[in-house]
>>> print(open('entry-v2.txt').read())   # compact mmCIF, C-alpha atoms
# COMPACT_ATOMS: atom_id res chain seq x y z
CA MET A 1 0.00 0.00 0.00
CA SER A 2 1.33 3.41 -0.95
CA GLY A 3 -0.02 5.01 2.20
CA ARG A 4 -0.44 8.29 0.37
CA ALA A 5 -3.81 9.99 0.54
CA GLN A 6 -5.83 10.85 -2.53
CA LEU A 7 -7.90 13.99 -2.98
CA MET A 8 -10.63 13.41 -5.53
CA TRP A 9 -11.10 16.59 -7.54
CA ASP A 10 -12.37 17.63 -10.93
CA GLU A 11 -13.15 21.31 -11.46
CA ALA A 12 -16.32 20.27 -13.28
CA VAL A 13 -17.96 19.25 -9.98
CA THR A 14 -18.62 22.95 -9.39
CA GLY A 15 -21.26 22.60 -12.11
CA TYR A 16 -23.52 20.99 -9.49
CA ASP A 17 -25.52 24.19 -9.35
CA PHE A 18 -29.22 24.48 -8.56
CA GLY A 19 -29.22 28.15 -9.45
CA PRO A 20 -29.07 31.60 -7.83
CA GLY A 21 -30.33 31.75 -4.27
CA HIS A 22 -30.18 28.01 -3.66
CA PRO A 23 -28.38 27.13 -0.41
CA MET A 24 -26.18 24.52 -2.14
CA ASP A 25 -23.88 27.14 -3.65
CA PRO A 26 -21.02 25.47 -5.56
CA VAL A 27 -18.69 28.29 -4.56
CA ARG A 28 -18.16 26.30 -1.35
CA LEU A 29 -16.39 23.63 -3.39
CA ALA A 30 -14.22 26.07 -5.31
CA LEU A 31 -13.27 27.92 -2.12
CA THR A 32 -12.40 24.69 -0.34
CA ARG A 33 -10.14 23.58 -3.19
CA GLY A 34 -8.57 27.03 -3.18
CA LEU A 35 -7.85 26.91 0.56
CA VAL A 36 -6.40 23.40 0.27
CA GLY A 37 -4.00 24.79 -2.33
CA ALA A 38 -3.24 27.98 -0.44
CA LEU A 39 -2.10 25.94 2.56
CA GLY A 40 -0.02 23.62 0.38
CA LEU A 41 -2.01 20.52 1.22
CA ASP A 42 -2.39 19.56 -2.43
CA ARG A 43 1.37 18.83 -2.40
CA GLU A 44 0.80 16.30 0.37
CA VAL A 45 -1.85 14.27 -1.47
CA GLU A 46 -2.32 12.79 -4.90
CA VAL A 47 -4.98 14.85 -6.64
CA VAL A 48 -7.07 12.52 -8.81
CA ALA A 49 -10.01 13.10 -11.14
CA ALA A 50 -12.03 9.91 -11.43
CA ARG A 51 -14.42 9.12 -14.25
CA ALA A 52 -18.11 9.80 -13.90
CA ALA A 53 -20.13 6.87 -12.59
CA GLY A 54 -21.58 4.91 -15.48
CA GLU A 55 -25.00 3.35 -15.80
CA SER A 56 -24.02 0.01 -14.26
CA THR A 57 -22.44 1.73 -11.26
CA LEU A 58 -25.40 4.03 -10.67
CA ARG A 59 -27.69 1.00 -10.76
CA LEU A 60 -25.89 -0.48 -7.76
CA VAL A 61 -28.15 1.84 -5.74
CA HIS A 62 -30.54 3.69 -8.05
CA ARG A 63 -33.48 2.34 -10.06
CA GLU A 64 -33.20 2.39 -13.84
CA ASP A 65 -36.39 4.42 -14.23
CA TYR A 66 -35.05 7.07 -11.86
CA ILE A 67 -31.75 7.34 -13.74
CA ASP A 68 -33.77 7.73 -16.95
CA ALA A 69 -35.81 10.50 -15.29
CA VAL A 70 -32.64 12.34 -14.25
CA ARG A 71 -31.25 12.05 -17.76
CA ALA A 72 -34.48 13.44 -19.21
CA ALA A 73 -34.59 16.36 -16.77
CA SER A 74 -30.92 17.03 -17.42
CA ALA A 75 -31.56 17.31 -21.16
CA ASP A 76 -34.76 19.32 -20.74
CA PRO A 77 -35.13 20.86 -17.26
CA GLY A 78 -38.67 21.97 -18.01
CA SER A 79 -39.75 18.34 -18.32
CA ALA A 80 -38.59 17.33 -14.82
CA ASP A 81 -40.89 14.77 -13.20
CA VAL A 82 -41.70 15.81 -9.64
CA SER A 83 -42.75 12.26 -8.81
CA TYR A 84 -39.01 11.51 -8.84
CA GLY A 85 -38.23 14.50 -6.62
CA LEU A 86 -36.96 16.49 -9.59
CA GLY A 87 -38.04 20.04 -10.42
CA THR A 88 -38.85 20.82 -6.78
CA VAL A 89 -37.76 23.76 -4.64
CA ASP A 90 -35.08 21.62 -3.01
CA ASP A 91 -33.97 19.87 -6.20
CA PRO A 92 -34.68 22.08 -9.21
CA ALA A 93 -33.66 20.54 -12.51
CA PHE A 94 -30.79 22.12 -14.43
CA ALA A 95 -29.05 21.42 -17.71
CA GLY A 96 -26.29 18.84 -17.30
CA MET A 97 -27.62 17.67 -13.93
CA HIS A 98 -27.13 13.98 -14.74
CA GLU A 99 -23.58 14.44 -15.95
CA VAL A 100 -22.30 16.44 -12.99
CA SER A 101 -24.16 14.30 -10.46
CA ALA A 102 -22.62 11.19 -12.00
CA LEU A 103 -19.21 12.89 -11.91
CA ILE A 104 -19.50 13.58 -8.17
CA ALA A 105 -20.61 9.99 -7.64
CA GLY A 106 -17.65 8.82 -9.67
CA GLN A 107 -15.25 10.64 -7.36
CA SER A 108 -16.62 8.80 -4.33
CA VAL A 109 -16.65 5.46 -6.12
CA GLY A 110 -13.10 6.13 -7.27
CA ALA A 111 -12.09 6.96 -3.71
CA ALA A 112 -13.54 3.66 -2.50
CA GLU A 113 -11.78 1.72 -5.25
CA ALA A 114 -8.44 3.38 -4.49
CA VAL A 115 -8.66 2.53 -0.80
CA TRP A 116 -9.85 -1.05 -1.37
CA ARG A 117 -7.18 -1.75 -4.00
CA GLU A 118 -4.51 -0.20 -1.78
CA ASP A 119 -3.62 2.59 -4.18
CA ALA A 120 -4.14 4.92 -1.23
CA LEU A 121 -4.70 4.57 2.47
CA HIS A 122 -7.14 7.48 2.73
CA ALA A 123 -9.23 9.20 0.06
CA VAL A 124 -11.28 12.40 0.34
CA ASN A 125 -14.12 13.64 -1.86
CA PHE A 126 -15.43 16.79 -0.23
CA ALA A 127 -17.79 17.35 -3.18
CA GLY A 128 -19.57 14.14 -2.16
CA GLY A 129 -21.63 13.10 0.81
CA LEU A 130 -24.97 13.63 -0.98
CA HIS A 131 -26.65 11.30 1.47
CA HIS A 132 -30.36 12.05 1.00
CA ALA A 133 -30.83 10.70 -2.54
CA MET A 134 -33.03 7.61 -2.54
CA PRO A 135 -32.95 4.67 -4.97
CA GLY A 136 -35.88 6.16 -6.86
CA ALA A 137 -35.93 9.87 -6.02
CA ALA A 138 -33.89 13.01 -5.51
CA SER A 139 -34.15 14.53 -2.05
CA GLY A 140 -32.62 17.27 0.05
CA PHE A 141 -30.31 18.77 -2.61
CA CYS A 142 -29.07 15.28 -3.55
CA VAL A 143 -29.53 13.66 -6.96
CA TYR A 144 -27.29 10.57 -6.85
CA ASN A 145 -26.23 9.10 -3.52
CA ASP A 146 -22.46 8.95 -3.93
CA ALA A 147 -21.93 7.70 -0.37
CA ALA A 148 -24.20 4.70 -0.90
CA LEU A 149 -22.67 4.07 -4.31
CA ALA A 150 -19.16 4.03 -2.81
CA ILE A 151 -20.27 1.50 -0.21
CA ALA A 152 -22.07 -0.62 -2.81
CA ARG A 153 -18.91 -0.64 -4.91
CA LEU A 154 -16.87 -1.81 -1.94
CA LEU A 155 -19.29 -4.69 -1.43
CA GLU A 156 -19.09 -5.52 -5.13
CA LEU A 157 -15.30 -5.64 -4.85
CA GLY A 158 -15.53 -8.14 -2.01
CA ALA A 159 -15.74 -6.16 1.21
CA GLU A 160 -17.69 -8.05 3.87
CA ARG A 161 -18.00 -5.29 6.49
CA VAL A 162 -18.24 -1.58 5.76
CA ALA A 163 -19.04 1.01 8.43
CA TYR A 164 -20.56 4.36 7.54
CA VAL A 165 -20.48 7.23 10.04
CA ASP A 166 -22.47 10.36 9.19
CA VAL A 167 -22.06 13.51 11.30
CA ASP A 168 -24.03 15.87 9.05
CA VAL A 169 -26.71 17.82 10.93
CA HIS A 170 -29.34 16.02 8.83
CA HIS A 171 -30.09 12.31 9.09
CA GLY A 172 -28.26 10.14 6.57
CA ASP A 173 -31.55 8.68 5.42
CA GLY A 174 -30.63 7.70 1.88
CA VAL A 175 -27.63 5.65 2.92
CA GLN A 176 -29.61 4.01 5.70
CA ALA A 177 -32.38 3.14 3.24
CA ALA A 178 -29.95 1.67 0.72
CA PHE A 179 -28.56 -0.82 3.25
CA TRP A 180 -31.55 -1.27 5.56
CA GLU A 181 -31.61 -5.02 4.86
CA ASP A 182 -27.85 -5.59 4.58
CA PRO A 183 -25.98 -6.66 7.73
CA ARG A 184 -22.66 -6.16 5.93
CA VAL A 185 -23.09 -2.40 6.31
CA LEU A 186 -23.27 -0.61 9.65
CA THR A 187 -24.74 2.89 9.27
CA ILE A 188 -24.36 5.35 12.14
CA SER A 189 -25.87 8.83 11.94
CA LEU A 190 -25.60 11.66 14.48
CA HIS A 191 -28.02 14.43 13.58
CA GLU A 192 -30.44 17.01 14.89
CA HIS A 193 -33.63 15.48 16.23
CA PRO A 194 -36.19 14.65 13.52
CA ARG A 195 -38.86 16.60 15.36
CA SER A 196 -37.09 19.83 14.42
CA LEU A 197 -35.29 19.15 11.13
CA PHE A 198 -35.53 17.60 7.68
CA PRO A 199 -35.90 14.75 6.76
CA GLN A 200 -37.87 13.94 9.92
CA THR A 201 -36.29 10.49 10.13
CA GLY A 202 -33.46 9.04 12.16
CA TRP A 203 -35.21 8.02 15.36
CA PRO A 204 -33.30 5.76 17.77
CA GLU A 205 -35.84 3.00 17.10
CA GLU A 206 -34.76 2.80 13.44
CA THR A 207 -32.32 -0.11 13.81
CA GLY A 208 -32.49 -2.02 10.52
CA ALA A 209 -34.70 -4.69 8.96
CA ASP A 210 -35.41 -7.96 10.74
CA CYS A 211 -32.64 -9.61 8.74
CA ALA A 212 -30.17 -6.87 9.73
CA GLU A 213 -31.22 -5.77 13.21
CA GLY A 214 -28.72 -3.47 14.82
CA SER A 215 -27.13 -2.44 11.52
CA ALA A 216 -28.71 1.04 11.58
CA VAL A 217 -27.84 3.41 14.42
CA ASN A 218 -29.31 6.86 14.98
CA VAL A 219 -28.42 9.46 17.56
CA ALA A 220 -31.08 12.20 17.54
CA LEU A 221 -29.54 15.26 19.18
CA PRO A 222 -31.57 18.05 20.76
CA PRO A 223 -31.51 21.44 19.04
CA GLY A 224 -28.87 23.69 20.54
CA THR A 225 -26.37 20.90 21.16
CA GLY A 226 -22.91 22.43 21.34
CA ASP A 227 -19.34 21.21 21.21
CA ALA A 228 -19.16 19.32 24.49
CA GLY A 229 -22.43 17.47 23.94
CA TRP A 230 -21.80 16.71 20.27
CA VAL A 231 -18.35 15.25 20.84
CA ARG A 232 -19.56 13.42 23.94
CA ALA A 233 -22.40 11.82 21.96
CA PHE A 234 -20.01 10.72 19.22
CA HIS A 235 -17.65 9.04 21.65
CA ALA A 236 -20.49 7.52 23.67
CA VAL A 237 -21.76 5.58 20.64
CA VAL A 238 -19.41 5.37 17.67
CA PRO A 239 -16.11 3.88 18.93
CA GLU A 240 -17.75 1.00 20.78
CA LEU A 241 -19.84 0.03 17.77
CA ILE A 242 -16.89 0.30 15.39
CA ALA A 243 -14.79 -1.83 17.74
CA ASP A 244 -17.51 -4.49 17.76
CA PHE A 245 -18.17 -4.41 14.01
CA ARG A 246 -14.50 -4.21 12.94
CA PRO A 247 -15.09 -2.86 9.44
CA GLN A 248 -12.68 -3.49 6.62
CA VAL A 249 -13.30 0.07 5.42
CA LEU A 250 -14.61 3.14 7.21
CA VAL A 251 -16.65 5.59 5.13
CA THR A 252 -17.47 8.89 6.82
CA GLN A 253 -19.63 11.87 5.88
CA HIS A 254 -18.61 15.27 7.27
CA GLY A 255 -21.41 17.71 6.58
CA ALA A 256 -20.34 21.08 8.00
CA ASP A 257 -23.92 22.16 8.74
CA THR A 258 -23.68 21.29 12.44
CA HIS A 259 -21.92 24.63 12.82
CA PHE A 260 -23.49 27.41 14.87
CA GLU A 261 -23.38 29.74 11.84
CA ASP A 262 -25.23 27.37 9.51
CA PRO A 263 -28.51 28.95 8.36
CA LEU A 264 -30.49 25.73 7.85
CA ALA A 265 -30.20 23.94 11.20
CA HIS A 266 -30.12 24.44 14.94
CA LEU A 267 -27.01 22.86 16.44
CA ALA A 268 -24.23 25.00 17.93
CA VAL A 269 -21.06 23.14 17.02
CA SER A 270 -17.79 24.92 16.26
CA LEU A 271 -15.23 24.31 13.56
CA ASP A 272 -12.91 23.07 16.29
CA ALA A 273 -15.33 20.34 17.36
CA GLN A 274 -15.79 19.33 13.73
CA ARG A 275 -12.02 18.98 13.45
CA ALA A 276 -11.93 16.90 16.65
CA VAL A 277 -14.46 14.44 15.23
CA GLN A 278 -12.56 14.28 11.93
CA VAL A 279 -9.46 13.29 13.90
CA ALA A 280 -11.48 10.69 15.80
CA CYS A 281 -12.75 9.15 12.55
CA HIS A 282 -9.20 8.99 11.19
CA ASP A 283 -8.04 7.29 14.38
CA LEU A 284 -10.90 4.77 14.27
CA ALA A 285 -9.99 3.85 10.72
CA HIS A 286 -6.44 3.11 11.80
CA GLU A 287 -7.46 1.23 14.93
CA TYR A 288 -10.11 -1.01 13.39
CA ALA A 289 -9.96 -0.86 9.56
CA GLU A 290 -6.22 -1.04 8.87
CA GLY A 291 -6.36 2.66 8.04
CA ARG A 292 -8.78 2.29 5.11
CA TRP A 293 -10.74 5.52 5.18
CA VAL A 294 -13.02 7.19 2.63
CA ALA A 295 -14.00 10.68 3.80
CA LEU A 296 -16.78 12.68 2.14
CA GLY A 297 -18.21 16.17 2.45
CA GLY A 298 -21.95 16.75 2.71
CA GLY A 299 -24.12 19.64 3.77
CA GLY A 300 -22.88 23.04 4.85
CA TYR A 301 -24.41 26.36 3.93
CA ALA A 302 -22.17 28.90 5.63
CA VAL A 303 -20.24 28.69 2.40
CA VAL A 304 -17.47 31.19 3.12
CA ASP A 305 -16.74 31.15 6.83
CA VAL A 306 -17.27 27.49 7.68
CA VAL A 307 -17.31 24.96 4.84
CA PRO A 308 -13.89 25.66 3.28
CA ARG A 309 -12.10 25.63 6.62
CA SER A 310 -13.86 22.50 7.86
CA TRP A 311 -13.14 20.44 4.77
CA THR A 312 -9.60 21.76 4.48
CA HIS A 313 -9.01 20.42 7.98
CA LEU A 314 -10.41 17.09 6.74
CA VAL A 315 -7.96 17.02 3.83
CA GLY A 316 -5.07 17.89 6.11
CA ILE A 317 -5.92 15.09 8.52
CA ALA A 318 -6.20 12.57 5.69
CA ALA A 319 -2.93 13.80 4.21
CA GLY A 320 -1.07 13.24 7.48
CA ARG A 321 -0.43 16.98 7.79
CA PRO A 322 -3.16 18.30 10.08
CA VAL A 323 -3.62 22.05 9.96
CA GLU A 324 -3.04 23.57 13.37
CA PRO A 325 -6.15 25.45 14.52
CA GLU A 326 -4.25 28.69 15.11
CA THR A 327 -2.94 28.73 11.53
CA VAL A 328 -3.48 32.08 9.83
CA VAL A 329 -5.59 31.86 6.69
CA PRO A 330 -3.46 32.90 3.68
CA GLU A 331 -4.21 36.43 2.52
CA GLY A 332 -4.29 35.34 -1.11
CA TRP A 333 -7.18 33.03 -0.37
CA ARG A 334 -9.04 35.76 1.49
CA GLN A 335 -8.68 37.93 -1.59
CA GLU A 336 -10.13 35.09 -3.67
CA VAL A 337 -13.08 34.91 -1.27
CA PHE A 338 -13.78 38.60 -1.66
CA ALA A 339 -13.43 38.50 -5.44
CA ARG A 340 -15.90 35.61 -5.71
CA THR A 341 -18.43 36.52 -3.03
CA ARG A 342 -17.84 40.12 -1.89
CA GLN A 343 -17.60 38.70 1.62
CA LEU A 344 -14.67 38.88 4.02
CA GLY A 345 -13.04 35.53 4.65
CA PRO A 346 -12.09 34.17 8.09
CA MET A 347 -8.69 35.06 9.58
CA ARG A 348 -7.69 31.77 11.23
CA MET A 349 -8.39 28.05 10.95
CA THR A 350 -10.19 28.02 14.30
CA ASP A 351 -13.28 29.39 16.00
CA GLY A 352 -11.16 29.91 19.12
CA ARG A 353 -12.50 26.84 20.92
CA TRP A 354 -9.50 24.54 20.56
CA PRO A 355 -8.85 22.28 22.34
CA VAL A 356 -12.44 21.07 22.61
CA SER A 357 -13.52 20.14 26.12
CA TRP A 358 -15.95 17.26 26.71
CA ALA A 359 -16.69 14.61 29.31
CA SER A 360 -16.38 10.93 28.47
CA TRP A 361 -19.45 8.73 28.74
CA GLU A 362 -17.80 6.86 31.59
CA ALA A 363 -17.57 10.11 33.54
CA GLY A 364 -21.22 9.81 34.46
CA TYR A 365 -24.73 9.89 33.03
CA ASP A 366 -27.01 12.74 34.02
CA PRO A 367 -30.63 11.57 33.62
CA ALA A 368 -31.83 15.19 33.49
CA ASP A 369 -29.56 16.10 30.58
CA ARG A 370 -31.33 16.00 27.20
CA LEU A 371 -28.12 15.08 25.39
CA ASP A 372 -27.53 12.13 27.68
CA GLN A 373 -31.15 11.09 27.27
CA ALA A 374 -30.62 11.01 23.50
CA VAL A 375 -27.51 8.90 23.84
CA VAL A 376 -29.18 6.47 26.22
CA ALA A 377 -32.12 6.08 23.83
CA THR A 378 -29.73 5.04 21.08
CA ARG A 379 -27.68 2.70 23.22
CA ARG A 380 -30.80 0.98 24.57
CA ALA A 381 -32.25 0.58 21.08
CA VAL A 382 -29.15 -0.78 19.36
CA PHE A 383 -26.50 -2.08 21.71
CA PRO A 384 -28.41 -5.18 22.96
CA LEU A 385 -29.09 -6.15 19.32
CA ARG A 386 -25.33 -6.27 18.82
CA GLY A 387 -24.67 -8.13 22.06
CA LEU A 388 -23.34 -5.04 23.81
CA LEU A 389 -24.27 -3.59 27.17
CA ALA A 390 -26.47 -0.52 26.88
>>> encode(input="entry-v2.txt", output="structure tokens")
Amino acid sequence: MSGRAQLMWDEAVTGYDFGPGHPMDPVRLALTRGLVGALGLDREVEVVAARAAGESTLRLVHREDYIDAVRAASADPGSADVSYGLGTVDDPAFAGMHEVSALIAGQSVGAAEAVWREDALHAVNFAGGLHHAMPGAASGFCVYNDAALAIARLLELGAERVAYVDVDVHHGDGVQAAFWEDPRVLTISLHEHPRSLFPQTGWPEETGADCAEGSAVNVALPPGTGDAGWVRAFHAVVPELIADFRPQVLVTQHGADTHFEDPLAHLAVSLDAQRAVQVACHDLAHEYAEGRWVALGGGGYAVVDVVPRSWTHLVGIAAGRPVEPETVVPEGWRQEVFARTRQLGPMRMTDGRWPVSWASWEAGYDPADRLDQAVVATRRAVFPLRGLLA
């Protein structure tokens, strides 16, 4: 194994553009790639542009009639069929939609192939993580589910155990749905409680089909959860399950929309806590999956101040050159931010909360704490199904 990390990047992914005013602004991708370069991280990784996912690959997860509907809407946006989730407010059709969606999917599939075939130890596709797309419908700004496609490709290549950890503020519903009946895939999602946020799924009681009980794990966090609670919840659930499952590959989704500045959700997590969980995922991959790690982006709608810094930290961690939180953001990149957005870019690679302070689960459960109640609900729902103590 080379041990070198791969960064999956093709400039054309910035064509994933739902139009002016849509929260999923592709400038977040361009700015992230720019910051990665400004900090010299692209010299520490192999930058690779994979091919777009072809029909046979897309069909590992998506129905043929849905792919046909995406193709049709891509060629003629005015003909989009809303029964497939296309042409909606969340997922407006645009010219070339199929091609760029397949290209993003191809980067995640390529990342999975590189890690499985030992061309790289870690691979990052921050343009990916489009976790809401269903087998037969677009949903939540997501057309093709690249995360599920990457996992399906790993299974096709012979993987017997793949773990997926999703720390986006929204439930990873599409990935869960894709593998609901497959005990070879453990899906873990930490997200804002479905009572208060799209897609209104991800309850602790969602634990997988009868033939795969305990393969789906959901931690529904109360609105307002901050750094200490978010990191505590992660460590109270994820490491123990990963240790039990012992995946051959760890696939993680790092939506940056848990951040307190994000306009579409209600958690209060800092960039520094996001970095801490990225480090934890990297460490889990090394401890239990021989280092095989596929890391994806996801949501994130504070497109200047948060997303580029968060995902640049992710690239640095994967590259083996973590960016120190106090690092000054290069002035050249800040000028690029202003030229593109007329906004002022952040000054440092931190929100000033590093190191992140949190209490371990073993330090004591407070039955009156809503965060601890959420964690206990998950542990009681899932852990006994896996033969673990709740």
>>> residues_around(input="entry-v2.txt", residues="range 210-214 of chain A", least_positions_apart="5", cutoff="12 Å", atoms="all atoms listed in the file", output="list in words")
Gln176, Phe179, Trp180, Glu181, Asp182, Pro183, Arg184, Val185, Leu186, Thr187, Ile188, Pro204, Glu205, Leu241, Asp244, Phe245, Thr378, Arg379, Arg380, Ala381, Val382, Phe383, Pro384, Leu385, Arg386, Gly387 and Leu388 of chain A
>>> residues_around(input="entry-v2.txt", residues="range 260-265 of chain A", least_positions_apart="5", cutoff="12 Å", atoms="all atoms listed in the file", output="PyMOL selection string")
chain A and resi 22-24+140+168-171+191-194+196-199+221-227+255+270-274+299-307+351
>>> closest_residue(input="entry-v2.txt", among="A:Ala295, A:Ala105, A:Ala138, A:Leu121", to="Thr88 in chain A", atoms="all atoms listed in the file")
A:Ala138
>>> atom_distance(input="entry-v2.txt", atom1="CA of Gly54 in chain A", atom2="CA of Arg292 in chain A")
24.4 Å
>>> closest_atom_pairs(input="entry-v2.txt", of="range 279-390 of chain A", to="range 37-53 of chain A", cutoff="7 Å", atoms="all atoms listed in the file", output="CSV")
residue,atom,partner,partner_atom,distance
A:Gly316,CA,A:Leu41,CA,6.3
A:Ala319,CA,A:Val45,CA,5.8
A:Pro330,CA,A:Ala38,CA,6.4
A:Trp333,CA,A:Ala38,CA,6.4
>>> residues_around(input="entry-v2.txt", residues="Cys142 in chain A", least_positions_apart="5", cutoff="6 Å", atoms="all atoms listed in the file", output="PyMOL selection string")
chain A and resi 130+132-133
>>> atom_distance(input="entry-v2.txt", atom1="CA of Val162 in chain A", atom2="CA of Ser108 in chain A")
14.6 Å
>>> atom_distance(input="entry-v2.txt", atom1="CA of His254 in chain A", atom2="CA of Gln200 in chain A")
19.5 Å
>>> residues_near_point(input="entry-v2.txt", point="(-13.7, -2.4, 16.9)", cutoff="12 Å", atoms="only C-alpha atoms", output="list of chain:residue names")
A:Arg161, A:Ala163, A:Val237, A:Val238, A:Pro239, A:Glu240, A:Leu241, A:Ile242, A:Ala243, A:Asp244, A:Phe245, A:Arg246, A:Pro247, A:Gln248, A:Val249, A:Leu250, A:Asp283, A:Leu284, A:Ala285, A:His286, A:Glu287, A:Tyr288, A:Ala289, A:Glu290
>>> residues_around(input="entry-v2.txt", residues="Pro322 in chain A", least_positions_apart="3", cutoff="12 Å", atoms="only C-alpha atoms", output="PyMOL selection string")
chain A and resi 36+39-41+44+275-276+278-279+282+310-319+325-327+349
>>> residues_near_point(input="entry-v2.txt", point="(-37.5, 16.0, -6.9)", cutoff="10 Å", atoms="all atoms listed in the file", output="list in words")
Val70, Ala80, Asp81, Val82, Ser83, Tyr84, Gly85, Leu86, Gly87, Thr88, Val89, Asp90, Asp91, Pro92, Ala93, Ala133, Gly136, Ala137, Ala138, Ser139, Gly140, Phe141, Cys142 and Val143 of chain A
>>> residues_around(input="entry-v2.txt", residues="Arg334 in chain A", least_positions_apart="5", cutoff="9 Å", atoms="only C-alpha atoms", output="PDB file with C-alpha atoms, in the coordinates of the input")
ATOM      1  CA  LEU A  35      -7.850  26.910   0.560  1.00  0.00           C
ATOM      2  CA  VAL A 329      -5.590  31.860   6.690  1.00  0.00           C
ATOM      3  CA  ALA A 339     -13.430  38.500  -5.440  1.00  0.00           C
ATOM      4  CA  LEU A 344     -14.670  38.880   4.020  1.00  0.00           C
ATOM      5  CA  GLY A 345     -13.040  35.530   4.650  1.00  0.00           C
ATOM      6  CA  PRO A 346     -12.090  34.170   8.090  1.00  0.00           C
ATOM      7  CA  MET A 347      -8.690  35.060   9.580  1.00  0.00           C
TER       8      MET A 347
END
>>> closest_residue(input="entry-v2.txt", among="A:Leu58, A:Leu7, A:Ala73, A:Ala209", to="Ala102 in chain A", atoms="only C-alpha atoms")
A:Leu58
>>> closest_residue(input="entry-v2.txt", among="A:Leu157, A:Ala374, A:Ala152, A:Ala120", to="Ala5 in chain A", atoms="all atoms listed in the file")
A:Ala120
>>> closest_residue(input="entry-v2.txt", among="A:Gly128, A:Gly19, A:Gly364, A:Gly96", to="Gly110 in chain A", atoms="only C-alpha atoms")
A:Gly128
>>> closest_residue(input="entry-v2.txt", among="A:Val115, A:Leu60, A:Ala72, A:Arg348", to="Glu331 in chain A", atoms="only C-alpha atoms")
A:Arg348
>>> closest_residue(input="entry-v2.txt", among="A:Ala390, A:Arg195, A:Asp173, A:Tyr365", to="His266 in chain A", atoms="all atoms listed in the file")
A:Arg195
>>> axis_aligned_box(input="entry-v2.txt", around="range 117-133 of chain A", padding_each_side="6 Å", output="AutoDock Vina command-line options")
--center_x -17.2 --center_y 7.8 --center_z -0.7 --size_x 39.2 --size_y 31.1 --size_z 18.9
>>> build_atoms(input="entry-v2.txt", residues="range 135-148 of chain A", atoms="N, CA and C atoms", output="PDB file, in the frame of the given file")
ATOM      1  N   PRO A 135     -33.076   5.480  -3.744  1.00  0.00           N
ATOM      2  CA  PRO A 135     -32.950   4.670  -4.970  1.00  0.00           C
ATOM      3  C   PRO A 135     -33.803   5.167  -6.119  1.00  0.00           C
ATOM      4  N   GLY A 136     -34.979   5.747  -5.793  1.00  0.00           N
ATOM      5  CA  GLY A 136     -35.880   6.160  -6.860  1.00  0.00           C
ATOM      6  C   GLY A 136     -36.283   7.607  -6.810  1.00  0.00           C
ATOM      7  N   ALA A 137     -35.517   8.464  -6.107  1.00  0.00           N
ATOM      8  CA  ALA A 137     -35.930   9.870  -6.020  1.00  0.00           C
ATOM      9  C   ALA A 137     -34.788  10.743  -5.539  1.00  0.00           C
ATOM     10  N   ALA A 138     -34.761  11.972  -6.059  1.00  0.00           N
ATOM     11  CA  ALA A 138     -33.890  13.010  -5.510  1.00  0.00           C
ATOM     12  C   ALA A 138     -34.506  13.525  -4.212  1.00  0.00           C
ATOM     13  N   SER A 139     -33.654  14.016  -3.322  1.00  0.00           N
ATOM     14  CA  SER A 139     -34.150  14.530  -2.050  1.00  0.00           C
ATOM     15  C   SER A 139     -33.082  15.400  -1.419  1.00  0.00           C
ATOM     16  N   GLY A 140     -33.515  16.480  -0.776  1.00  0.00           N
ATOM     17  CA  GLY A 140     -32.620  17.270   0.050  1.00  0.00           C
ATOM     18  C   GLY A 140     -31.350  17.719  -0.638  1.00  0.00           C
ATOM     19  N   PHE A 141     -31.443  18.263  -1.839  1.00  0.00           N
ATOM     20  CA  PHE A 141     -30.310  18.770  -2.610  1.00  0.00           C
ATOM     21  C   PHE A 141     -29.430  17.660  -3.184  1.00  0.00           C
ATOM     22  N   CYS A 142     -29.892  16.424  -3.141  1.00  0.00           N
ATOM     23  CA  CYS A 142     -29.070  15.280  -3.550  1.00  0.00           C
ATOM     24  C   CYS A 142     -29.735  14.530  -4.695  1.00  0.00           C
ATOM     25  N   VAL A 143     -29.000  14.339  -5.780  1.00  0.00           N
ATOM     26  CA  VAL A 143     -29.530  13.660  -6.960  1.00  0.00           C
ATOM     27  C   VAL A 143     -29.102  12.200  -6.991  1.00  0.00           C
ATOM     28  N   TYR A 144     -27.799  11.935  -6.960  1.00  0.00           N
ATOM     29  CA  TYR A 144     -27.290  10.570  -6.850  1.00  0.00           C
ATOM     30  C   TYR A 144     -26.569  10.429  -5.517  1.00  0.00           C
ATOM     31  N   ASN A 145     -26.771   9.308  -4.860  1.00  0.00           N
ATOM     32  CA  ASN A 145     -26.230   9.100  -3.520  1.00  0.00           C
ATOM     33  C   ASN A 145     -24.829   8.516  -3.625  1.00  0.00           C
ATOM     34  N   ASP A 146     -23.840   9.399  -3.729  1.00  0.00           N
ATOM     35  CA  ASP A 146     -22.460   8.950  -3.930  1.00  0.00           C
ATOM     36  C   ASP A 146     -21.943   8.127  -2.753  1.00  0.00           C
ATOM     37  N   ALA A 147     -22.382   8.457  -1.530  1.00  0.00           N
ATOM     38  CA  ALA A 147     -21.930   7.700  -0.370  1.00  0.00           C
ATOM     39  C   ALA A 147     -22.397   6.253  -0.449  1.00  0.00           C
ATOM     40  N   ALA A 148     -23.675   6.055  -0.765  1.00  0.00           N
ATOM     41  CA  ALA A 148     -24.200   4.700  -0.900  1.00  0.00           C
ATOM     42  C   ALA A 148     -23.560   3.977  -2.075  1.00  0.00           C
TER      43      ALA A 148
END
